[in-house]
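To keep things clear, I will list the structure first and then write my remarks on it.
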Amino acid sequence: MPTAEKAQLIDELAQMLRDSKGAVILDYRGLNVTAITALRRELKAQDVEFHVAKNTLLRIAAERAGVEIAPDLLTGPTAVAFGQTDEIAPARLLSDFVRRNRVVSIKGGIVGGRSMNAAEIGRLATLPAREQLLAQLLGAFQAPMAKTLGVLQAPARELAGLAQALADHKSQAA
């Protein structure tokens with residue numbers, strides 16, 4: 001039976017798991033307090049919450065939230081970064097942090113309620129930002145329409161050019 005403090009922590013973790021769009025689980029072994037504080041600031045600027053959690057409490061919270069976490073992700077010292085607005089932000093920020101600080105490693109994560117391993121989180125981190133992906137998608141939709149419009153306008157443009165050439169020719173002849 002968990003204590004009242006642990007029960008409250010489990011409820012908070014379960015709520016964060018439900019509310020977050022994506023979460024990345026990190027093995028923070030080897031980081032000092034200064035580095036963790038700097039990481040928290042960096043993550044908070046991007047609307048990502050960072051919490052150190054006991055594996056047992058995180059497992060119970062995941063069960064309560066209805067989120068699947070692979071058991072191998074819950075070994076050793078565990079910290080979780082919860083992305084509140086963007087699924088990819090925690091993966092991108094922590095991947096950059098891991099590249100700069102080789103003492104830590106990403107264990108895996110949860111995106112869309114699905115457990116992912118470290119390799120999948122690494123691939124997710126290489127995706128462009130959401131706004132850039134939406135802009136590329138919009139461009140892909142607009143390109144065929146722009147080409148079609150150009151083809152449909154071509155005969156009218158050619159006719160206008162011929163009329164102008166005829167008018168110029170008649171004015172030169174007169």
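Identifiers for the structure tokens are assigned positionally: chains receive A, B, ... in sequence, residues are indexed from 1 per chain, and ligands are indexed from 1 in the order shown.
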
I'd like a table as a tab-separated table: residues in range 27-61 of chain A with an atom no more than 9 Å from range 79-83 of chain A, each row giving the shortest atom pair and its distance in Å to one decimal, only C-alpha atoms counted, sorted by chain and rising residue number.
```
residue	atom	partner	partner_atom	distance
A:Asp27	CA	A:Ala79	CA	6.4
A:Tyr28	CA	A:Ala79	CA	6.5
A:Leu43	CA	A:Ala81	CA	8.0
A:Gln46	CA	A:Gly83	CA	8.5
A:Asp47	CA	A:Gly83	CA	6.6
A:Val48	CA	A:Gly83	CA	4.6
A:Glu49	CA	A:Phe82	CA	5.0
A:Phe50	CA	A:Ala81	CA	4.3
A:His51	CA	A:Val80	CA	5.3
A:Val52	CA	A:Ala79	CA	4.1
A:Ala53	CA	A:Ala79	CA	5.8
A:Lys54	CA	A:Ala79	CA	8.4
```

Q) Do you know which residues are at most 10 Å from range 114-127 of chain A counting only C-alpha atoms, after dropping those on the same chain fewer than 6 positions away, and could you put them as an MDAnalysis selection string? A) chainID A and resid 22:26 67:73 87:96 105:108 133

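Distance annotation: of A:Ala174, A:Leu13, A:Ala165, A:Ala160, the residue with the minimal separation from Leu58 in chain A is A:Leu13; atom set is only C-alpha atoms.
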
Q: Pull the helix (DSSP H, G or I) assignments for range 112-163 of chain A out of DSSP run on the backbone, and list those residues as a PyMOL selection string.
A: chain A and resi 118-125+130-163

Q. Near Arg64 in chain A, within 12 Å and counting only C-alpha atoms, which residues show up once chain neighbours fewer than 4 positions away are dropped, as a list in words?
A.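 Those residues are Ala7, Ile10, Asp11, Glu12, Leu13, Ala14, Gln15, Met16, Leu17, Arg18, Leu57, Leu58, Arg59, Ile60, Glu68 and Ile69 of chain A.
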
Residues from last step as file, N, CA and C atoms, as a PDB file, in the first residue's frame:
```
ATOM      1  N   ALA A   7       1.083   8.031  -3.379  1.00  0.00           N
ATOM      2  CA  ALA A   7      -0.182   7.960  -4.112  1.00  0.00           C
ATOM      3  C   ALA A   7      -0.430   9.260  -4.883  1.00  0.00           C
ATOM      4  N   ILE A  10       1.916   9.283  -7.848  1.00  0.00           N
ATOM      5  CA  ILE A  10       1.416   8.380  -8.887  1.00  0.00           C
ATOM      6  C   ILE A  10       0.295   9.050  -9.669  1.00  0.00           C
ATOM      7  N   ASP A  11      -0.609   9.719  -8.973  1.00  0.00           N
ATOM      8  CA  ASP A  11      -1.712  10.417  -9.639  1.00  0.00           C
ATOM      9  C   ASP A  11      -1.199  11.528 -10.548  1.00  0.00           C
ATOM     10  N   GLU A  12      -0.201  12.282 -10.067  1.00  0.00           N
ATOM     11  CA  GLU A  12       0.379  13.364 -10.878  1.00  0.00           C
ATOM     12  C   GLU A  12       1.054  12.808 -12.126  1.00  0.00           C
ATOM     13  N   LEU A  13       1.821  11.737 -11.964  1.00  0.00           N
ATOM     14  CA  LEU A  13       2.490  11.122 -13.120  1.00  0.00           C
ATOM     15  C   LEU A  13       1.466  10.569 -14.108  1.00  0.00           C
ATOM     16  N   ALA A  14       0.413   9.942 -13.600  1.00  0.00           N
ATOM     17  CA  ALA A  14      -0.628   9.397 -14.472  1.00  0.00           C
ATOM     18  C   ALA A  14      -1.306  10.523 -15.249  1.00  0.00           C
ATOM     19  N   GLN A  15      -1.572  11.640 -14.581  1.00  0.00           N
ATOM     20  CA  GLN A  15      -2.195  12.785 -15.257  1.00  0.00           C
ATOM     21  C   GLN A  15      -1.273  13.354 -16.330  1.00  0.00           C
ATOM     22  N   MET A  16       0.028  13.450 -16.028  1.00  0.00           N
ATOM     23  CA  MET A  16       0.982  13.948 -17.022  1.00  0.00           C
ATOM     24  C   MET A  16       1.065  13.012 -18.217  1.00  0.00           C
ATOM     25  N   LEU A  17       1.033  11.708 -17.963  1.00  0.00           N
ATOM     26  CA  LEU A  17       1.066  10.740 -19.060  1.00  0.00           C
ATOM     27  C   LEU A  17      -0.177  10.874 -19.938  1.00  0.00           C
ATOM     28  N   ARG A  18      -1.337  11.098 -19.320  1.00  0.00           N
ATOM     29  CA  ARG A  18      -2.578  11.271 -20.088  1.00  0.00           C
ATOM     30  C   ARG A  18      -2.560  12.568 -20.894  1.00  0.00           C
ATOM     31  N   LEU A  57       6.811   3.614  -9.364  1.00  0.00           N
ATOM     32  CA  LEU A  57       5.737   4.599  -9.382  1.00  0.00           C
ATOM     33  C   LEU A  57       5.345   4.953 -10.814  1.00  0.00           C
ATOM     34  N   LEU A  58       6.336   5.051 -11.699  1.00  0.00           N
ATOM     35  CA  LEU A  58       6.050   5.353 -13.101  1.00  0.00           C
ATOM     36  C   LEU A  58       5.286   4.203 -13.758  1.00  0.00           C
ATOM     37  N   ARG A  59       5.634   2.979 -13.420  1.00  0.00           N
ATOM     38  CA  ARG A  59       4.918   1.819 -13.965  1.00  0.00           C
ATOM     39  C   ARG A  59       3.456   1.822 -13.522  1.00  0.00           C
ATOM     40  N   ILE A  60       3.231   2.076 -12.234  1.00  0.00           N
ATOM     41  CA  ILE A  60       1.862   2.109 -11.711  1.00  0.00           C
ATOM     42  C   ILE A  60       1.083   3.259 -12.359  1.00  0.00           C
ATOM     43  N   GLU A  68       1.071   2.229 -22.369  1.00  0.00           N
ATOM     44  CA  GLU A  68       1.984   1.091 -22.384  1.00  0.00           C
ATOM     45  C   GLU A  68       3.430   1.581 -22.310  1.00  0.00           C
ATOM     46  N   ILE A  69       4.169   1.101 -21.317  1.00  0.00           N
ATOM     47  CA  ILE A  69       5.609   1.375 -21.222  1.00  0.00           C
ATOM     48  C   ILE A  69       6.315   0.030 -21.179  1.00  0.00           C
TER      49      ILE A  69
END
```
